[in-house]
Amino acid sequence: MVSQLGGPTLARVVSGAIYLSVFNAIIAIVAQFSRMMFSSGRDGFWLPQVNRALKIIHPRFGTPWIATLLFGIPSALLAFCSNLGDLTSFTVILLLLVYIIMAVAALISRRRVRFHHPYLMPLWPLPVAIALIGCLYVLWTILIASSLKDFIIIAGILCFGLLLSYMRPRQAIPHVEPSIEGE
């Protein structure tokens with residue numbers, strides 16, 4: 001449509017701007033995911049050697065630099081070695097998976113009464129349920145139009161995560177008593 005209305009030059013400019021916006025989103029995702037990897041290492045999710053590496057903080061910048069490289073390098077390779085459609089599809093699917101996992105974790109966490117929940121969301125659990133249903137719907141509509149390769153990637157990510165979850169040693173989670181403000 002842009003080519004027809006504005007010509008090939010405008011189409012290239014718009015495509016370049018879209019590519020840069022997706023690249024910018026990947027940079028934001030790398031920052032988010034590197035901190036999630038840092039947290040998983042801090043919480044002892046991986047093997048001890050991996051946990052130690054993920055917890056290393058850069059002395060000057062105060063960032064989890066190994067965890068950042070762990071996502072930064074593959075993300076840069078993905079951005080420079082794929083086309084815009086595949087890059088956008090992968091980014092959207094990955095973000096949807098993160099939001100779905102967060103919504104499910106929130107629903108499960110609230111059912112565990114031994115944990116203190118200092119923030120009570122208004123209209124609980126309606127916002128989380130709407131977000132979960134919306135993300136599942138968008139993911140389903142994307143996957144219907146996707147190739148078998150996308151299904152295999154998603155299944156691989158989910159299986160790898162489940163495998164790691166069941167392989168890690170279980171730690172006793174301490175009971176946290178709710179605190180009363182002003183004490």
# chains A, B, ... in the order shown; residues from 1 in each chain; ligands from 1
>>> residues_around(residues="A:Gln32", least_positions_apart="3", cutoff="12 Å", atoms="only C-alpha atoms", output="compact mmCIF listing (two decimals) with N, CA, C and O atoms, in the first residue's frame")
# COMPACT_ATOMS: atom_id res chain seq x y z
N ALA A 25 12.77 -2.64 19.92
CA ALA A 25 12.01 -3.53 20.81
C ALA A 25 12.89 -4.68 21.29
O ALA A 25 12.83 -5.08 22.45
N ILE A 26 13.73 -5.19 20.40
CA ILE A 26 14.63 -6.28 20.79
C ILE A 26 15.62 -5.79 21.83
O ILE A 26 15.94 -6.51 22.78
N ILE A 27 16.11 -4.58 21.70
CA ILE A 27 17.02 -4.02 22.70
C ILE A 27 16.32 -3.96 24.06
O ILE A 27 16.89 -4.33 25.09
N ALA A 28 15.07 -3.52 24.07
CA ALA A 28 14.31 -3.47 25.33
C ALA A 28 14.09 -4.87 25.89
O ALA A 28 14.18 -5.09 27.10
N ILE A 29 13.82 -5.82 25.01
CA ILE A 29 13.61 -7.19 25.45
C ILE A 29 14.89 -7.76 26.04
O ILE A 29 14.86 -8.47 27.05
N ARG A 35 17.79 -9.23 32.91
CA ARG A 35 17.50 -9.11 34.34
C ARG A 35 16.70 -10.30 34.85
O ARG A 35 16.86 -10.73 35.99
N MET A 36 15.86 -10.87 34.00
CA MET A 36 15.16 -12.09 34.39
C MET A 36 16.15 -13.24 34.53
O MET A 36 16.04 -14.05 35.46
N MET A 37 17.12 -13.31 33.63
CA MET A 37 18.14 -14.36 33.74
C MET A 37 18.98 -14.15 34.99
O MET A 37 19.33 -15.11 35.68
N PHE A 38 19.32 -12.89 35.29
CA PHE A 38 20.05 -12.59 36.52
C PHE A 38 19.26 -13.08 37.73
O PHE A 38 19.81 -13.73 38.63
N SER A 39 17.97 -12.78 37.76
CA SER A 39 17.12 -13.20 38.88
C SER A 39 17.04 -14.71 38.99
O SER A 39 17.05 -15.26 40.09
N THR A 63 25.45 -3.74 35.88
CA THR A 63 24.50 -4.53 35.10
C THR A 63 24.92 -5.99 35.08
O THR A 63 26.10 -6.31 35.20
N PRO A 64 23.96 -6.90 34.88
CA PRO A 64 24.30 -8.33 34.77
C PRO A 64 24.85 -8.62 33.37
O PRO A 64 24.13 -9.01 32.47
N ALA A 67 24.52 -12.23 31.67
CA ALA A 67 23.12 -12.48 31.29
C ALA A 67 22.72 -11.61 30.10
O ALA A 67 21.97 -12.05 29.23
N THR A 68 23.25 -10.39 30.04
CA THR A 68 22.95 -9.51 28.91
C THR A 68 23.55 -10.06 27.62
O THR A 68 22.90 -10.07 26.58
N PHE A 71 21.58 -12.97 26.01
CA PHE A 71 20.46 -12.62 25.14
C PHE A 71 20.85 -11.64 24.05
O PHE A 71 20.25 -11.64 22.97
N GLY A 72 21.83 -10.80 24.31
CA GLY A 72 22.19 -9.76 23.35
C GLY A 72 22.77 -10.30 22.06
O GLY A 72 22.38 -9.87 20.96
N LEU A 95 7.07 -12.29 23.24
CA LEU A 95 6.42 -11.40 24.22
C LEU A 95 5.09 -11.96 24.70
O LEU A 95 4.77 -11.88 25.89
N VAL A 98 5.75 -14.57 27.27
CA VAL A 98 6.13 -13.97 28.56
C VAL A 98 4.89 -13.47 29.29
O VAL A 98 4.71 -13.72 30.49
>>> residues_around(residues="A:Trp65", least_positions_apart="6", cutoff="10 Å", atoms="only C-alpha atoms", output="list in words")
Ser34, Arg35, Phe38, Ala53, Leu54, Lys55, Ile56, Ile57, His58, Pro59 and Gly72 of chain A
>>> write_last_selection(atoms="all heavy atoms", output="PDB file, in the first residue's frame")
ATOM      1  N   SER A  34      17.608 -10.072  30.293  1.00  0.00           N
ATOM      2  CA  SER A  34      18.875 -10.244  30.998  1.00  0.00           C
ATOM      3  C   SER A  34      18.666 -10.110  32.500  1.00  0.00           C
ATOM      4  O   SER A  34      19.284 -10.827  33.289  1.00  0.00           O
ATOM      5  CB  SER A  34      19.913  -9.250  30.499  1.00  0.00           C
ATOM      6  OG  SER A  34      19.536  -7.925  30.794  1.00  0.00           O
ATOM      7  N   ARG A  35      17.785  -9.234  32.914  1.00  0.00           N
ATOM      8  CA  ARG A  35      17.502  -9.106  34.342  1.00  0.00           C
ATOM      9  C   ARG A  35      16.702 -10.300  34.854  1.00  0.00           C
ATOM     10  O   ARG A  35      16.861 -10.725  35.993  1.00  0.00           O
ATOM     11  CB  ARG A  35      16.800  -7.793  34.630  1.00  0.00           C
ATOM     12  CG  ARG A  35      17.827  -6.678  34.729  1.00  0.00           C
ATOM     13  CD  ARG A  35      17.348  -5.349  34.213  1.00  0.00           C
ATOM     14  NE  ARG A  35      18.370  -4.326  34.294  1.00  0.00           N
ATOM     15  CZ  ARG A  35      19.305  -4.136  33.372  1.00  0.00           C
ATOM     16  NH1 ARG A  35      19.386  -4.922  32.335  1.00  0.00           N
ATOM     17  NH2 ARG A  35      20.183  -3.159  33.493  1.00  0.00           N
ATOM     18  N   PHE A  38      19.317 -12.894  35.293  1.00  0.00           N
ATOM     19  CA  PHE A  38      20.051 -12.586  36.518  1.00  0.00           C
ATOM     20  C   PHE A  38      19.263 -13.079  37.733  1.00  0.00           C
ATOM     21  O   PHE A  38      19.810 -13.729  38.627  1.00  0.00           O
ATOM     22  CB  PHE A  38      20.305 -11.079  36.620  1.00  0.00           C
ATOM     23  CG  PHE A  38      20.754 -10.634  37.978  1.00  0.00           C
ATOM     24  CD1 PHE A  38      22.063 -10.818  38.385  1.00  0.00           C
ATOM     25  CD2 PHE A  38      19.860 -10.041  38.860  1.00  0.00           C
ATOM     26  CE1 PHE A  38      22.486 -10.424  39.641  1.00  0.00           C
ATOM     27  CE2 PHE A  38      20.271  -9.644  40.112  1.00  0.00           C
ATOM     28  CZ  PHE A  38      21.583  -9.829  40.510  1.00  0.00           C
ATOM     29  N   ALA A  53      27.665 -17.564  37.186  1.00  0.00           N
ATOM     30  CA  ALA A  53      27.944 -16.710  36.033  1.00  0.00           C
ATOM     31  C   ALA A  53      26.838 -15.678  35.818  1.00  0.00           C
ATOM     32  O   ALA A  53      27.122 -14.507  35.551  1.00  0.00           O
ATOM     33  CB  ALA A  53      28.115 -17.567  34.774  1.00  0.00           C
ATOM     34  N   LEU A  54      25.590 -16.098  35.959  1.00  0.00           N
ATOM     35  CA  LEU A  54      24.476 -15.174  35.718  1.00  0.00           C
ATOM     36  C   LEU A  54      24.383 -14.082  36.779  1.00  0.00           C
ATOM     37  O   LEU A  54      23.826 -13.017  36.525  1.00  0.00           O
ATOM     38  CB  LEU A  54      23.157 -15.944  35.659  1.00  0.00           C
ATOM     39  CG  LEU A  54      22.975 -16.844  34.443  1.00  0.00           C
ATOM     40  CD1 LEU A  54      21.700 -17.645  34.569  1.00  0.00           C
ATOM     41  CD2 LEU A  54      22.985 -16.039  33.156  1.00  0.00           C
ATOM     42  N   LYS A  55      24.931 -14.334  37.953  1.00  0.00           N
ATOM     43  CA  LYS A  55      24.851 -13.353  39.042  1.00  0.00           C
ATOM     44  C   LYS A  55      25.968 -12.310  38.992  1.00  0.00           C
ATOM     45  O   LYS A  55      25.950 -11.374  39.776  1.00  0.00           O
ATOM     46  CB  LYS A  55      24.912 -14.061  40.402  1.00  0.00           C
ATOM     47  CG  LYS A  55      23.706 -14.905  40.696  1.00  0.00           C
ATOM     48  CD  LYS A  55      23.685 -15.405  42.120  1.00  0.00           C
ATOM     49  CE  LYS A  55      24.850 -16.293  42.434  1.00  0.00           C
ATOM     50  NZ  LYS A  55      24.773 -16.886  43.772  1.00  0.00           N
ATOM     51  N   ILE A  56      26.896 -12.443  38.067  1.00  0.00           N
ATOM     52  CA  ILE A  56      28.019 -11.506  38.003  1.00  0.00           C
ATOM     53  C   ILE A  56      27.528 -10.146  37.527  1.00  0.00           C
ATOM     54  O   ILE A  56      26.875 -10.022  36.491  1.00  0.00           O
ATOM     55  CB  ILE A  56      29.130 -12.036  37.084  1.00  0.00           C
ATOM     56  CG1 ILE A  56      29.712 -13.316  37.665  1.00  0.00           C
ATOM     57  CG2 ILE A  56      30.215 -10.983  36.887  1.00  0.00           C
ATOM     58  CD1 ILE A  56      30.729 -13.994  36.779  1.00  0.00           C
ATOM     59  N   ILE A  57      27.853  -9.139  38.304  1.00  0.00           N
ATOM     60  CA  ILE A  57      27.472  -7.754  38.006  1.00  0.00           C
ATOM     61  C   ILE A  57      28.710  -6.999  37.528  1.00  0.00           C
ATOM     62  O   ILE A  57      29.787  -7.107  38.127  1.00  0.00           O
ATOM     63  CB  ILE A  57      26.889  -7.064  39.257  1.00  0.00           C
ATOM     64  CG1 ILE A  57      25.649  -7.808  39.748  1.00  0.00           C
ATOM     65  CG2 ILE A  57      26.592  -5.598  39.006  1.00  0.00           C
ATOM     66  CD1 ILE A  57      24.472  -7.730  38.824  1.00  0.00           C
ATOM     67  N   HIS A  58      28.568  -6.225  36.467  1.00  0.00           N
ATOM     68  CA  HIS A  58      29.679  -5.432  35.955  1.00  0.00           C
ATOM     69  C   HIS A  58      30.051  -4.376  37.004  1.00  0.00           C
ATOM     70  O   HIS A  58      29.168  -3.651  37.481  1.00  0.00           O
ATOM     71  CB  HIS A  58      29.277  -4.760  34.645  1.00  0.00           C
ATOM     72  CG  HIS A  58      30.426  -4.147  33.917  1.00  0.00           C
ATOM     73  ND1 HIS A  58      30.924  -2.921  34.232  1.00  0.00           N
ATOM     74  CD2 HIS A  58      31.170  -4.636  32.897  1.00  0.00           C
ATOM     75  CE1 HIS A  58      31.935  -2.639  33.423  1.00  0.00           C
ATOM     76  NE2 HIS A  58      32.099  -3.672  32.606  1.00  0.00           N
ATOM     77  N   PRO A  59      31.332  -4.283  37.373  1.00  0.00           N
ATOM     78  CA  PRO A  59      31.709  -3.371  38.457  1.00  0.00           C
ATOM     79  C   PRO A  59      31.467  -1.896  38.148  1.00  0.00           C
ATOM     80  O   PRO A  59      31.143  -1.123  39.043  1.00  0.00           O
ATOM     81  CB  PRO A  59      33.203  -3.650  38.661  1.00  0.00           C
ATOM     82  CG  PRO A  59      33.661  -4.352  37.435  1.00  0.00           C
ATOM     83  CD  PRO A  59      32.465  -5.018  36.839  1.00  0.00           C
ATOM     84  N   GLY A  72      21.828 -10.797  24.306  1.00  0.00           N
ATOM     85  CA  GLY A  72      22.190  -9.761  23.345  1.00  0.00           C
ATOM     86  C   GLY A  72      22.766 -10.297  22.055  1.00  0.00           C
ATOM     87  O   GLY A  72      22.384  -9.866  20.960  1.00  0.00           O
TER      88      GLY A  72
END
>>> residues_around(residues="A:Ile153", least_positions_apart="2", cutoff="12 Å", atoms="only C-alpha atoms", output="MDAnalysis selection string")
chainID A and resid 89:90 93:94 97 143 146:151 155:160
>>> atom_distance(atom1="atom CA of A:Cys81", atom2="atom CA of A:Leu163")
29.0 Å
>>> residues_around(residues="stretch 2-17 of chain A", least_positions_apart="3", cutoff="12 Å", atoms="only C-alpha atoms", output="MDAnalysis selection string")
chainID A and resid 20:24 83:85
>>> select_by_dssp(residues="stretch 60-119 of chain A", states="helix (DSSP H, G or I)", output="PyMOL selection string")
chain A and resi 65-81+84-111
>>> atom_distance(atom1="atom CA of A:Tyr99", atom2="atom CA of A:Tyr137")
12.3 Å
>>> residues_around(residues="stretch 122-131 of chain A", least_positions_apart="5", cutoff="9 Å", atoms="only C-alpha atoms", output="list in words")
Tyr99, Ile100, Ala103, Val104, Ala106, Leu107 and Leu136 of chain A
>>> closest_residue(among="A:Ile154, A:Ile18, A:Tyr166, A:Gly44", to="A:Trp140", atoms="only C-alpha atoms")
A:Ile154
>>> atom_distance(atom1="atom CA of A:Val138", atom2="atom CA of A:Leu69")
29.9 Å
>>> closest_residue(among="A:Val50, A:Ser165, A:Cys135, A:Asp43", to="A:Met102", atoms="only C-alpha atoms")
A:Cys135
>>> closest_residue(among="A:Leu120, A:Ser75, A:Ile66, A:Leu164", to="A:Leu87", atoms="only C-alpha atoms")
A:Ser75
>>> decode(residues="stretch 138-150 of chain A", atoms="all heavy atoms", output="PDB file, in the first residue's frame")
ATOM      1  N   VAL A 138      -4.564 -13.798  20.773  1.00  0.00           N
ATOM      2  CA  VAL A 138      -3.619 -13.236  19.799  1.00  0.00           C
ATOM      3  C   VAL A 138      -2.587 -14.287  19.396  1.00  0.00           C
ATOM      4  O   VAL A 138      -2.263 -14.429  18.212  1.00  0.00           O
ATOM      5  CB  VAL A 138      -2.939 -11.968  20.365  1.00  0.00           C
ATOM      6  CG1 VAL A 138      -1.817 -11.498  19.453  1.00  0.00           C
ATOM      7  CG2 VAL A 138      -3.956 -10.856  20.563  1.00  0.00           C
ATOM      8  N   LEU A 139      -2.086 -15.039  20.368  1.00  0.00           N
ATOM      9  CA  LEU A 139      -1.119 -16.089  20.051  1.00  0.00           C
ATOM     10  C   LEU A 139      -1.744 -17.126  19.119  1.00  0.00           C
ATOM     11  O   LEU A 139      -1.118 -17.553  18.149  1.00  0.00           O
ATOM     12  CB  LEU A 139      -0.616 -16.754  21.339  1.00  0.00           C
ATOM     13  CG  LEU A 139       0.430 -17.847  21.166  1.00  0.00           C
ATOM     14  CD1 LEU A 139       1.702 -17.288  20.545  1.00  0.00           C
ATOM     15  CD2 LEU A 139       0.741 -18.503  22.497  1.00  0.00           C
ATOM     16  N   TRP A 140      -2.973 -17.515  19.396  1.00  0.00           N
ATOM     17  CA  TRP A 140      -3.653 -18.496  18.553  1.00  0.00           C
ATOM     18  C   TRP A 140      -3.832 -17.967  17.127  1.00  0.00           C
ATOM     19  O   TRP A 140      -3.572 -18.684  16.166  1.00  0.00           O
ATOM     20  CB  TRP A 140      -5.000 -18.867  19.156  1.00  0.00           C
ATOM     21  CG  TRP A 140      -5.769 -19.834  18.324  1.00  0.00           C
ATOM     22  CD1 TRP A 140      -6.882 -19.582  17.579  1.00  0.00           C
ATOM     23  CD2 TRP A 140      -5.452 -21.211  18.114  1.00  0.00           C
ATOM     24  NE1 TRP A 140      -7.289 -20.723  16.931  1.00  0.00           N
ATOM     25  CE2 TRP A 140      -6.422 -21.741  17.239  1.00  0.00           C
ATOM     26  CE3 TRP A 140      -4.444 -22.050  18.576  1.00  0.00           C
ATOM     27  CZ2 TRP A 140      -6.410 -23.063  16.822  1.00  0.00           C
ATOM     28  CZ3 TRP A 140      -4.438 -23.372  18.158  1.00  0.00           C
ATOM     29  CH2 TRP A 140      -5.412 -23.857  17.294  1.00  0.00           C
ATOM     30  N   THR A 141      -4.252 -16.721  16.977  1.00  0.00           N
ATOM     31  CA  THR A 141      -4.446 -16.167  15.629  1.00  0.00           C
ATOM     32  C   THR A 141      -3.123 -16.048  14.880  1.00  0.00           C
ATOM     33  O   THR A 141      -3.085 -16.239  13.667  1.00  0.00           O
ATOM     34  CB  THR A 141      -5.151 -14.805  15.669  1.00  0.00           C
ATOM     35  OG1 THR A 141      -4.388 -13.894  16.466  1.00  0.00           O
ATOM     36  CG2 THR A 141      -6.553 -14.915  16.221  1.00  0.00           C
ATOM     37  N   ILE A 142      -2.045 -15.762  15.598  1.00  0.00           N
ATOM     38  CA  ILE A 142      -0.732 -15.701  14.950  1.00  0.00           C
ATOM     39  C   ILE A 142      -0.295 -17.098  14.526  1.00  0.00           C
ATOM     40  O   ILE A 142       0.207 -17.298  13.426  1.00  0.00           O
ATOM     41  CB  ILE A 142       0.311 -15.057  15.891  1.00  0.00           C
ATOM     42  CG1 ILE A 142       0.028 -13.564  16.044  1.00  0.00           C
ATOM     43  CG2 ILE A 142       1.730 -15.282  15.376  1.00  0.00           C
ATOM     44  CD1 ILE A 142       0.888 -12.895  17.091  1.00  0.00           C
ATOM     45  N   LEU A 143      -0.486 -18.056  15.419  1.00  0.00           N
ATOM     46  CA  LEU A 143      -0.026 -19.410  15.119  1.00  0.00           C
ATOM     47  C   LEU A 143      -0.826 -20.064  13.995  1.00  0.00           C
ATOM     48  O   LEU A 143      -0.289 -20.893  13.259  1.00  0.00           O
ATOM     49  CB  LEU A 143      -0.062 -20.274  16.375  1.00  0.00           C
ATOM     50  CG  LEU A 143       0.984 -19.916  17.424  1.00  0.00           C
ATOM     51  CD1 LEU A 143       0.824 -20.796  18.654  1.00  0.00           C
ATOM     52  CD2 LEU A 143       2.386 -20.025  16.868  1.00  0.00           C
ATOM     53  N   ILE A 144      -2.087 -19.707  13.847  1.00  0.00           N
ATOM     54  CA  ILE A 144      -2.889 -20.253  12.744  1.00  0.00           C
ATOM     55  C   ILE A 144      -2.273 -19.859  11.410  1.00  0.00           C
ATOM     56  O   ILE A 144      -2.234 -20.648  10.470  1.00  0.00           O
ATOM     57  CB  ILE A 144      -4.357 -19.765  12.839  1.00  0.00           C
ATOM     58  CG1 ILE A 144      -5.063 -20.479  13.982  1.00  0.00           C
ATOM     59  CG2 ILE A 144      -5.105 -19.998  11.539  1.00  0.00           C
ATOM     60  CD1 ILE A 144      -6.454 -19.972  14.245  1.00  0.00           C
ATOM     61  N   ALA A 145      -1.749 -18.633  11.339  1.00  0.00           N
ATOM     62  CA  ALA A 145      -1.153 -18.145  10.102  1.00  0.00           C
ATOM     63  C   ALA A 145       0.337 -18.445  10.004  1.00  0.00           C
ATOM     64  O   ALA A 145       0.961 -18.121   8.999  1.00  0.00           O
ATOM     65  CB  ALA A 145      -1.376 -16.633  10.002  1.00  0.00           C
ATOM     66  N   SER A 146       0.911 -19.049  11.028  1.00  0.00           N
ATOM     67  CA  SER A 146       2.356 -19.283  11.048  1.00  0.00           C
ATOM     68  C   SER A 146       2.723 -20.617  10.412  1.00  0.00           C
ATOM     69  O   SER A 146       1.880 -21.467  10.162  1.00  0.00           O
ATOM     70  CB  SER A 146       2.863 -19.273  12.491  1.00  0.00           C
ATOM     71  OG  SER A 146       2.698 -18.005  13.046  1.00  0.00           O
ATOM     72  N   SER A 147       4.017 -20.767  10.245  1.00  0.00           N
ATOM     73  CA  SER A 147       4.541 -22.007   9.673  1.00  0.00           C
ATOM     74  C   SER A 147       4.781 -23.032  10.779  1.00  0.00           C
ATOM     75  O   SER A 147       4.738 -22.719  11.967  1.00  0.00           O
ATOM     76  CB  SER A 147       5.852 -21.722   8.944  1.00  0.00           C
ATOM     77  OG  SER A 147       6.840 -21.329   9.878  1.00  0.00           O
ATOM     78  N   LEU A 148       5.068 -24.243  10.375  1.00  0.00           N
ATOM     79  CA  LEU A 148       5.384 -25.303  11.316  1.00  0.00           C
ATOM     80  C   LEU A 148       6.629 -24.966  12.128  1.00  0.00           C
ATOM     81  O   LEU A 148       6.745 -25.336  13.291  1.00  0.00           O
ATOM     82  CB  LEU A 148       5.567 -26.620  10.552  1.00  0.00           C
ATOM     83  CG  LEU A 148       5.898 -27.850  11.385  1.00  0.00           C
ATOM     84  CD1 LEU A 148       4.755 -28.152  12.358  1.00  0.00           C
ATOM     85  CD2 LEU A 148       6.166 -29.044  10.497  1.00  0.00           C
ATOM     86  N   LYS A 149       7.536 -24.204  11.530  1.00  0.00           N
ATOM     87  CA  LYS A 149       8.769 -23.803  12.210  1.00  0.00           C
ATOM     88  C   LYS A 149       8.454 -23.011  13.480  1.00  0.00           C
ATOM     89  O   LYS A 149       9.074 -23.226  14.520  1.00  0.00           O
ATOM     90  CB  LYS A 149       9.639 -22.969  11.267  1.00  0.00           C
ATOM     91  CG  LYS A 149      10.930 -22.467  11.885  1.00  0.00           C
ATOM     92  CD  LYS A 149      11.726 -21.640  10.894  1.00  0.00           C
ATOM     93  CE  LYS A 149      11.081 -20.285  10.776  1.00  0.00           C
ATOM     94  NZ  LYS A 149      11.872 -19.301  10.052  1.00  0.00           N
ATOM     95  N   ASP A 150       7.476 -22.108  13.426  1.00  0.00           N
ATOM     96  CA  ASP A 150       7.104 -21.325  14.609  1.00  0.00           C
ATOM     97  C   ASP A 150       6.552 -22.227  15.712  1.00  0.00           C
ATOM     98  O   ASP A 150       6.844 -22.030  16.887  1.00  0.00           O
ATOM     99  CB  ASP A 150       6.080 -20.247  14.243  1.00  0.00           C
ATOM    100  CG  ASP A 150       6.680 -19.140  13.402  1.00  0.00           C
ATOM    101  OD1 ASP A 150       7.909 -18.930  13.496  1.00  0.00           O
ATOM    102  OD2 ASP A 150       5.936 -18.490  12.657  1.00  0.00           O
TER     103      ASP A 150
END
